[in-house]
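final-v8.cif (mmCIF, C-alpha atoms) appears below.
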```cif
data_work
loop_
_atom_site.label_atom_id
_atom_site.label_comp_id
_atom_site.auth_asym_id
_atom_site.auth_seq_id
_atom_site.Cartn_x
_atom_site.Cartn_y
_atom_site.Cartn_z
CA MET A 1 96.88 -61.83 111.68
CA ASP A 2 99.58 -63.81 113.40
CA PHE A 3 102.10 -62.34 115.83
CA PRO A 4 104.59 -65.15 116.41
CA PHE A 5 106.88 -63.56 119.01
CA VAL A 6 104.46 -61.57 121.10
CA ARG A 7 104.58 -64.02 123.96
CA GLU A 8 108.36 -64.08 124.05
CA ALA A 9 108.57 -60.33 123.80
CA VAL A 10 106.28 -59.90 126.80
CA VAL A 11 108.16 -62.54 128.81
CA LYS A 12 111.55 -60.95 128.03
CA LEU A 13 110.19 -57.55 128.98
CA PHE A 14 109.81 -58.70 132.57
CA SER A 15 112.79 -61.07 132.85
CA ARG A 16 116.34 -60.22 133.89
CA PRO A 17 118.61 -58.82 131.17
CA SER A 18 120.99 -61.35 129.66
CA CYS A 19 123.82 -58.81 129.91
CA ASN A 20 126.28 -59.35 132.76
CA ASN A 21 126.49 -56.19 134.69
CA TYR A 22 130.28 -56.15 134.59
CA PRO A 23 131.83 -53.02 136.07
CA PHE A 24 129.21 -52.97 138.84
CA THR A 25 129.28 -56.68 139.70
CA PRO A 26 132.82 -58.05 139.61
CA ARG A 27 133.43 -61.19 137.64
CA GLU A 28 135.94 -63.98 138.10
CA ALA A 29 137.84 -65.46 135.21
CA ALA A 30 137.23 -69.06 134.21
CA PRO A 31 139.28 -71.74 135.94
CA ASN A 32 142.79 -72.13 134.50
CA TYR A 33 142.58 -68.67 132.93
CA ARG A 34 146.10 -67.41 132.27
CA GLY A 35 146.32 -63.83 133.43
CA ARG A 36 148.80 -61.65 135.31
CA ILE A 37 152.13 -63.34 136.01
CA VAL A 38 153.27 -63.71 139.60
CA PHE A 39 156.98 -64.35 140.10
CA HIS A 40 158.38 -65.96 143.24
CA PRO A 41 162.00 -64.81 143.34
CA GLU A 42 162.81 -66.76 146.50
CA THR A 43 162.66 -70.09 144.67
CA CYS A 44 164.23 -68.95 141.39
CA ILE A 45 167.68 -70.37 140.66
CA ASN A 46 168.38 -68.25 137.58
CA CYS A 47 168.60 -71.08 135.09
CA ASN A 48 167.16 -68.73 132.42
CA MET A 49 165.01 -71.44 130.92
CA CYS A 50 162.00 -69.08 130.95
CA GLU A 51 163.90 -66.55 128.88
CA ARG A 52 164.90 -69.19 126.39
CA VAL A 53 161.39 -70.49 125.81
CA CYS A 54 159.56 -67.13 125.82
CA ALA A 55 158.14 -66.56 122.35
CA GLY A 56 157.49 -62.86 122.84
CA GLY A 57 160.84 -62.08 124.46
CA ALA A 58 158.98 -60.68 127.43
CA ILE A 59 161.34 -61.91 130.13
CA ILE A 60 164.63 -60.21 130.88
CA HIS A 61 167.02 -60.23 133.81
CA THR A 62 169.67 -57.90 135.09
CA SER A 63 172.53 -58.96 137.26
CA VAL A 64 174.42 -56.61 139.56
CA LYS A 65 177.22 -57.50 141.97
CA ASN A 66 176.73 -56.29 145.53
CA GLU A 67 179.54 -55.46 147.94
CA GLU A 68 179.84 -59.07 149.14
CA GLY A 69 180.40 -60.27 145.60
CA ASP A 70 177.01 -61.99 145.34
CA ASP A 71 174.87 -61.53 142.26
CA VAL A 72 171.72 -59.49 142.76
CA ILE A 73 169.45 -60.72 140.01
CA THR A 74 166.27 -58.95 138.99
CA ARG A 75 164.02 -60.81 136.62
CA SER A 76 161.19 -58.87 135.02
CA PHE A 77 158.22 -59.92 132.94
CA ASP A 78 156.78 -57.39 130.51
CA LEU A 79 153.05 -58.13 130.38
CA GLY A 80 152.80 -55.79 127.41
CA SER A 81 154.90 -58.22 125.45
CA CYS A 82 153.54 -61.45 126.85
CA THR A 83 151.38 -63.94 124.96
CA PHE A 84 150.21 -65.57 128.21
CA CYS A 85 151.06 -68.94 126.71
CA SER A 86 152.32 -70.21 130.10
CA THR A 87 155.35 -71.88 128.52
CA CYS A 88 157.68 -70.17 131.01
CA ALA A 89 155.66 -71.55 133.93
CA ASP A 90 155.58 -75.01 132.36
CA PHE A 91 159.34 -75.07 131.85
CA CYS A 92 160.23 -73.63 135.27
CA THR A 93 161.67 -76.54 137.24
CA ARG A 94 161.21 -74.69 140.52
CA HIS A 95 157.63 -73.48 139.87
CA SER A 96 158.69 -69.88 140.46
CA ILE A 97 156.37 -68.53 137.78
CA GLU A 98 152.63 -68.58 138.19
CA LEU A 99 149.90 -67.27 135.89
CA THR A 100 147.01 -66.06 138.00
CA GLN A 101 143.37 -65.43 137.18
CA ASP A 102 143.79 -61.68 137.54
CA TYR A 103 142.90 -60.19 134.17
CA HIS A 104 142.79 -56.48 135.14
CA MET A 105 145.95 -55.51 133.34
CA ILE A 106 145.71 -51.86 132.37
CA GLY A 107 148.81 -49.77 131.83
CA ILE A 108 148.61 -46.01 132.01
CA GLU A 109 152.10 -45.11 133.14
CA GLU A 110 155.32 -46.80 132.24
CA GLY A 111 156.00 -49.73 134.51
CA ASP A 112 152.36 -50.55 135.19
CA LEU A 113 152.66 -53.70 133.14
CA ILE A 114 156.03 -54.88 134.45
CA VAL A 115 156.15 -57.70 136.99
CA SER A 116 159.55 -58.15 138.55
CA GLY A 117 161.31 -59.82 141.43
CA THR A 118 164.79 -59.61 142.90
CA PHE A 119 166.83 -62.28 144.58
CA ILE A 120 170.44 -62.74 145.63
CA LYS A 121 172.44 -65.56 144.19
CA LYS A 122 175.24 -66.49 146.58
CA LYS A 123 178.69 -66.74 145.17
CA PRO A 124 179.73 -70.38 144.75
CA ALA A 125 183.33 -69.56 145.72
CA PRO A 126 183.76 -70.64 149.40
CA LYS A 127 183.59 -74.37 148.76
CA PRO A 128 186.83 -75.57 147.12
CA ALA A 129 188.31 -76.95 150.36
CA PRO A 130 185.80 -79.70 151.26
CA LYS A 131 184.88 -80.37 147.63
CA PRO A 132 187.45 -82.55 145.91
CA ALA A 133 187.54 -85.32 148.50
CA ALA A 134 184.01 -86.71 148.36
CA PRO A 135 182.41 -85.99 144.98
CA ALA A 136 185.45 -86.67 142.84
CA ALA A 137 184.91 -90.40 143.13
CA ALA A 138 181.17 -90.21 142.62
CA LYS A 139 181.19 -88.02 139.54
CA GLU A 140 183.50 -89.72 137.16
CA GLU A 141 184.01 -89.83 133.45
CA ALA A 142 183.83 -93.01 131.48
CA ALA A 143 187.53 -93.56 132.12
CA ALA A 144 186.90 -94.87 135.63
CA PRO A 145 186.19 -98.55 135.06
CA ALA A 146 183.20 -100.29 136.63
CA ALA A 147 182.28 -97.63 139.15
CA PRO A 148 179.28 -98.79 141.16
CA ALA A 149 175.96 -96.92 140.97
CA VAL A 150 176.73 -93.25 141.48
CA LYS A 151 175.92 -91.56 144.70
CA PRO A 152 174.14 -88.22 144.62
CA ARG A 153 176.57 -85.41 145.22
CA GLY A 154 174.36 -83.77 147.79
CA ASP A 155 174.69 -80.23 146.48
CA GLY A 156 171.92 -80.56 143.90
CA LYS A 157 174.30 -80.78 140.97
CA PRO A 158 174.18 -83.78 138.65
CA ALA A 159 176.34 -86.86 138.82
CA GLN A 160 176.59 -89.27 135.92
CA ASP A 161 176.45 -93.03 136.00
CA PRO A 162 178.91 -94.23 133.33
CA ASP A 163 177.33 -97.68 133.22
CA LYS A 164 173.96 -96.36 132.18
CA CYS A 165 175.04 -93.36 130.14
CA VAL A 166 174.86 -93.77 126.36
CA TYR A 167 176.29 -90.28 125.62
CA CYS A 168 173.22 -89.25 123.66
CA THR A 169 173.96 -85.53 124.49
CA ILE A 170 170.31 -84.78 125.29
CA CYS A 171 171.32 -83.48 128.73
CA ALA A 172 173.90 -81.14 127.20
CA ARG A 173 171.37 -79.81 124.72
CA LYS A 174 168.68 -79.29 127.35
CA CYS A 175 171.00 -77.70 129.92
CA PRO A 176 169.84 -74.09 130.25
CA GLY A 177 173.23 -72.89 131.48
CA GLU A 178 175.26 -74.88 128.92
CA ALA A 179 177.18 -76.41 131.81
CA LEU A 180 177.40 -79.91 130.35
CA THR A 181 179.81 -81.00 127.66
CA VAL A 182 179.18 -84.46 126.30
CA ASP A 183 181.29 -85.95 123.56
CA ARG A 184 179.70 -88.89 121.86
CA LYS A 185 182.81 -90.20 120.11
CA GLU A 186 185.20 -89.77 123.03
CA LYS A 187 182.55 -90.93 125.52
CA THR A 188 183.17 -88.12 127.96
CA TRP A 189 180.68 -86.34 130.18
CA LYS A 190 181.91 -83.12 131.79
CA LEU A 191 180.18 -80.74 134.13
CA ASP A 192 181.18 -77.11 134.43
CA GLU A 193 180.40 -76.52 138.09
CA ASP A 194 180.49 -72.74 137.82
CA LYS A 195 177.87 -72.70 135.12
CA CYS A 196 175.63 -75.36 136.69
CA VAL A 197 172.66 -73.93 138.57
CA ALA A 198 171.40 -77.27 139.91
CA CYS A 199 168.05 -77.03 138.16
CA GLY A 200 167.73 -80.76 137.59
CA THR A 201 166.71 -80.49 133.96
CA CYS A 202 169.42 -82.93 132.86
CA ALA A 203 168.19 -85.62 135.24
CA ASP A 204 164.61 -85.09 134.06
CA VAL A 205 165.43 -85.42 130.38
CA CYS A 206 167.93 -88.30 130.62
CA PRO A 207 166.31 -91.22 128.76
CA LYS A 208 168.47 -93.77 130.60
CA ASN A 209 168.15 -92.28 134.09
CA ALA A 210 171.92 -92.10 134.16
CA ILE A 211 172.02 -88.76 135.98
CA VAL A 212 171.35 -88.50 139.68
CA ILE A 213 170.83 -85.30 141.58
CA MET B 1 124.26 -22.90 127.90
CA PHE B 2 124.10 -25.42 125.07
CA GLN B 3 127.87 -25.74 125.15
CA LYS B 4 127.71 -27.02 128.70
CA LEU B 5 124.98 -29.49 127.84
CA ILE B 6 126.96 -30.75 124.84
CA ALA B 7 130.12 -31.09 126.92
CA GLU B 8 128.31 -33.09 129.60
CA SER B 9 126.66 -35.35 127.07
CA THR B 10 129.84 -36.06 125.13
CA ALA B 11 131.69 -36.85 128.34
CA LYS B 12 129.02 -39.46 129.10
CA SER B 13 129.16 -41.08 125.71
CA PRO B 14 132.63 -41.43 124.19
CA TRP B 15 132.60 -42.90 120.71
CA LEU B 16 135.11 -45.55 119.75
CA PHE B 17 136.99 -45.93 116.53
CA HIS B 18 138.72 -49.22 115.93
CA ILE B 19 141.88 -49.46 113.80
CA ASN B 20 143.25 -52.85 112.86
CA SER B 21 146.93 -52.44 112.09
CA GLY B 22 147.62 -56.00 110.97
CA SER B 23 146.11 -57.79 113.90
CA CYS B 24 145.54 -61.55 113.96
CA ASN B 25 141.83 -60.83 114.52
CA GLY B 26 141.86 -62.17 118.08
CA CYS B 27 141.67 -58.71 119.63
CA ASP B 28 139.19 -57.52 117.00
CA ILE B 29 136.82 -60.30 117.91
CA GLU B 30 137.13 -59.44 121.61
CA LEU B 31 136.39 -55.80 120.82
CA VAL B 32 133.29 -56.83 118.90
CA ALA B 33 132.37 -59.09 121.83
CA ILE B 34 132.04 -56.09 124.16
CA LEU B 35 129.38 -54.65 121.84
CA THR B 36 127.27 -57.82 121.97
CA PRO B 37 124.29 -58.10 124.36
CA ARG B 38 126.41 -60.15 126.75
CA TYR B 39 128.75 -57.28 127.68
CA ASP B 40 126.88 -54.43 126.00
CA VAL B 41 129.14 -51.42 126.45
CA GLU B 42 126.46 -49.24 124.89
CA ARG B 43 124.83 -49.13 128.31
CA LEU B 44 128.00 -47.29 129.44
CA GLY B 45 127.74 -44.88 126.52
CA PHE B 46 130.41 -46.36 124.27
CA LYS B 47 129.47 -46.59 120.64
CA LEU B 48 131.42 -47.71 117.63
CA ALA B 49 131.78 -44.71 115.31
CA GLY B 50 131.87 -45.11 111.57
CA SER B 51 134.39 -42.37 110.91
CA PRO B 52 137.51 -41.25 112.77
CA ARG B 53 136.24 -37.67 112.63
CA GLN B 54 133.40 -38.56 114.98
CA ALA B 55 135.48 -40.54 117.43
CA ASP B 56 136.80 -39.71 120.90
CA ILE B 57 138.66 -42.92 121.70
CA VAL B 58 140.83 -44.71 119.15
CA VAL B 59 141.42 -48.40 119.79
CA VAL B 60 144.42 -49.79 117.93
CA THR B 61 144.96 -53.54 117.59
CA GLY B 62 147.75 -55.33 115.78
CA PRO B 63 151.51 -54.96 115.62
CA VAL B 64 151.48 -51.87 113.32
CA THR B 65 152.83 -53.40 110.15
CA LYS B 66 154.92 -51.37 107.74
CA GLN B 67 152.06 -51.19 105.26
CA SER B 68 149.55 -50.03 107.83
CA LEU B 69 151.79 -47.55 109.69
CA ASN B 70 151.07 -44.52 107.50
CA ARG B 71 147.39 -45.36 107.34
CA VAL B 72 147.18 -45.74 111.10
CA LEU B 73 148.93 -42.42 111.68
CA SER B 74 146.79 -40.55 109.14
CA THR B 75 143.63 -42.06 110.61
CA ILE B 76 144.67 -41.06 114.11
CA SER B 77 145.46 -37.54 112.93
CA GLN B 78 141.89 -37.21 111.67
CA VAL B 79 140.49 -37.82 115.14
CA PRO B 80 139.73 -34.42 116.68
CA GLU B 81 141.40 -33.35 119.93
CA PRO B 82 140.87 -34.15 122.75
CA ARG B 83 141.32 -37.77 121.85
CA CYS B 84 142.43 -40.81 123.74
CA ILE B 85 144.52 -43.52 122.12
CA VAL B 86 144.11 -47.02 123.53
CA THR B 87 146.30 -49.92 122.48
CA MET B 88 144.72 -53.29 122.85
CA GLY B 89 146.61 -56.53 123.25
CA SER B 90 150.34 -57.01 123.45
CA CYS B 91 151.05 -56.36 119.76
CA PRO B 92 150.82 -52.54 119.48
CA GLN B 93 152.66 -52.17 122.80
CA SER B 94 155.75 -54.20 121.93
CA GLY B 95 155.28 -56.29 118.80
CA ASN B 96 154.69 -59.42 120.85
CA VAL B 97 155.90 -62.49 118.92
CA PHE B 98 156.41 -60.38 115.79
CA LYS B 99 159.07 -58.33 117.57
CA GLY B 100 162.10 -57.75 115.35
CA SER B 101 160.31 -58.60 112.13
CA TYR B 102 161.28 -56.56 109.07
CA SER B 103 157.66 -55.68 108.38
CA VAL B 104 156.58 -54.66 111.88
CA CYS B 105 157.01 -51.13 113.27
CA ALA B 106 156.03 -52.43 116.67
CA PRO B 107 155.64 -50.02 119.59
CA LEU B 108 152.96 -47.57 118.54
CA SER B 109 154.13 -45.30 121.34
CA GLN B 110 157.19 -44.25 119.33
CA TYR B 111 154.92 -42.51 116.79
CA VAL B 112 152.00 -41.17 118.86
CA HIS B 113 151.28 -40.64 122.53
CA VAL B 114 149.43 -43.68 123.85
CA ASP B 115 147.18 -43.07 126.84
CA VAL B 116 146.05 -46.53 127.92
CA ASP B 117 147.53 -49.99 127.30
CA ILE B 118 145.27 -52.99 127.72
CA ALA B 119 147.46 -56.06 128.23
CA GLY B 120 146.42 -59.56 127.28
CA CYS B 121 146.68 -61.72 124.23
CA ALA B 122 143.83 -61.25 123.59
CA PRO B 123 142.47 -59.25 126.55
CA LYS B 124 139.33 -60.46 128.25
CA PRO B 125 136.23 -58.34 127.42
CA GLU B 126 136.06 -57.29 131.07
CA ALA B 127 139.63 -56.02 130.86
CA ILE B 128 138.72 -54.01 127.76
CA ILE B 129 135.78 -52.46 129.62
CA ASP B 130 138.19 -51.56 132.45
CA GLY B 131 140.60 -50.00 129.99
CA LEU B 132 137.89 -48.00 128.26
CA ALA B 133 136.65 -46.76 131.63
CA LYS B 134 140.18 -45.48 132.34
CA ALA B 135 140.30 -43.91 128.87
CA THR B 136 137.03 -42.09 129.58
CA LYS B 137 138.53 -40.63 132.75
CA ILE B 138 141.63 -39.47 130.87
CA LEU B 139 139.40 -37.97 128.17
CA LYS B 140 137.49 -36.03 130.80
CA GLU B 141 140.74 -34.63 132.24
CA LYS B 142 141.90 -33.63 128.77
CA ARG B 143 138.57 -31.87 128.10
CA GLY B 144 138.93 -30.02 131.39
CA ARG B 145 142.35 -28.75 130.36
CA MET B 146 141.17 -27.47 126.98
#
```
Let me see the file written as structure tokens.
Amino acid sequence: MDFPFVREAVVKLFSRPSCNNYPFTPREAAPNYRGRIVFHPETCINCNMCERVCAGGAIIHTSVKNEEGDDVITRSFDLGSCTFCSTCADFCTRHSIELTQDYHMIGIEEGDLIVSGTFIKKKPAPKPAPKPAAPAAAKEEAAAPAAPAVKPRGDGKPAQDPDKCVYCTICARKCPGEALTVDRKEKTWKLDEDKCVACGTCADVCPKNAIVI
Amino acid sequence: MFQKLIAESTAKSPWLFHINSGSCNGCDIELVAILTPRYDVERLGFKLAGSPRQADIVVVTGPVTKQSLNRVLSTISQVPEPRCIVTMGSCPQSGNVFKGSYSVCAPLSQYVHVDVDIAGCAPKPEAIIDGLAKATKILKEKRGRM
């Protein structure tokens, strides 16, 4: 009679089990594993791009005015609604969102699966006095003829180069705060400074490099 | 005397019942993965039960579709008390990407009391083992109260 697996059975009897002894020996996730979200509120500029691209609608923010008139913004990520697709982190121009390798995400009480961060957004009000002098010349609509290469405004907000701009409206469509108005027929490029959060998305997407930050 | 022995033994070996309420199968595969020799939760006493009447822990996956809602609730009601309801993945907790769909009755917690949520899409098998360990603890507390 033939016993084909006797040798293997005896060898396996004395070898280590193939099971990984998980709860007793901790285990790290694979590299680039997308687990618990970590939010860095100090670098966030509240452009809301993450909320726009989130498929699961897991990201929300609340905005409260404090006594100085600044916005106190709390952005929270609901891990119980997250697909861990990392799109928010990919779209964040300031790298404020990070997906870590921590996979121990167990919720027993309400709020266990919420990651949130608070930051204060200063009011843009106290600047009208020094403003109009310098940047007015740099940021010009197409009406200004033959303006030389635009200078950066210095405050992080975009300035357009009318020589290079082809009024393709990509910047206006990509602007997370809808601060840009571009009219293709009229050849105008307008920036709403109150809405602009200086994220730099418009400069990144401009196919002609006509926007400087 | 036997009652005590039975109580101790059942506390050591909670049986799972898995309900798929319209899941994409990602979570189901991960739940099956914890029963494979690699993770082998049977060494911790967990065992997949064939009937809800024999189960202690109910694991629900999927976004609770309209068609499955009544079936899920009637299956859960057949599980004897004390029971522990575990939602697995983002779907039964919030609806995930199916949120707002006409055919999804998303958060399961609005119909039954959910004890443990395991987040992830799909959760890692280790995270599921963590969640089930928490569920076992909750089950023990519930037994103590009865």
Next item on the list: Would you kindly return, as a ChimeraX atom specification, each protein, DNA or RNA residue with an atom no farther than 12 Å from any atom of Cys196 in chain A, considering all atoms listed in the file and excluding same-chain residues fewer than 2 positions away?
Entry: /A:45-48,124,155-159,172,175-181,190-194,198-202
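Separating CA of His95 in chain A from CA of Thr118 in chain A is a distance of 15.9 Å.
Take the PyMOL selection byres ((chain A and resi 41) around 8) and apply it to this file: it picks Phe39, His40, Glu42, Thr43, Cys44, Ser96, Gly117, Thr118 and Phe119 of chain A.
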Notebook entry, point to check: Applied to this file, what does the PyMOL selection byres ((chain A) within 7 of (chain B)) return in terms of residues, put as a PyMOL selection string?
Noted result: chain A and resi 18-20+22+55-56+79-84+103-108
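Taking all atoms listed in the file into account, Glu8 in chain B lies nearest to B:Arg143 out of the set B:Arg143, B:Pro52, B:Cys84, B:Tyr111.
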Next item on the list: Any chance you could resolve the PyMOL selection byres ((chain A and resi 29) around 8) against this file and give the residues as a PyMOL selection string?
Entry: chain A and resi 27-28+30-31+33+101-103
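Note that CA of Glu141 in chain B and CA of Val72 in chain B are 24.7 Å apart.
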Margin query: So the first atom is CA of Glu51 in chain A and the second is CA of Arg75 in chain A; what is the distance between them in Å, to one decimal place?
Written below: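 So the answer is 9.6 Å.
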Next item on the list: Scan for residues within 7 Å of the point (135.3, -45.2, 113.2) in the coordinates of the file, using only C-alpha atoms, and reply as a PyMOL selection string.
Entry: chain B and resi 16-18+48-52+55
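For the residues B:Met146, B:Cys24, B:Val112, B:Ile6, ranking by smallest atom-to-atom distance to Pro63 in chain B using all atoms listed in the file places B:Cys24 first.
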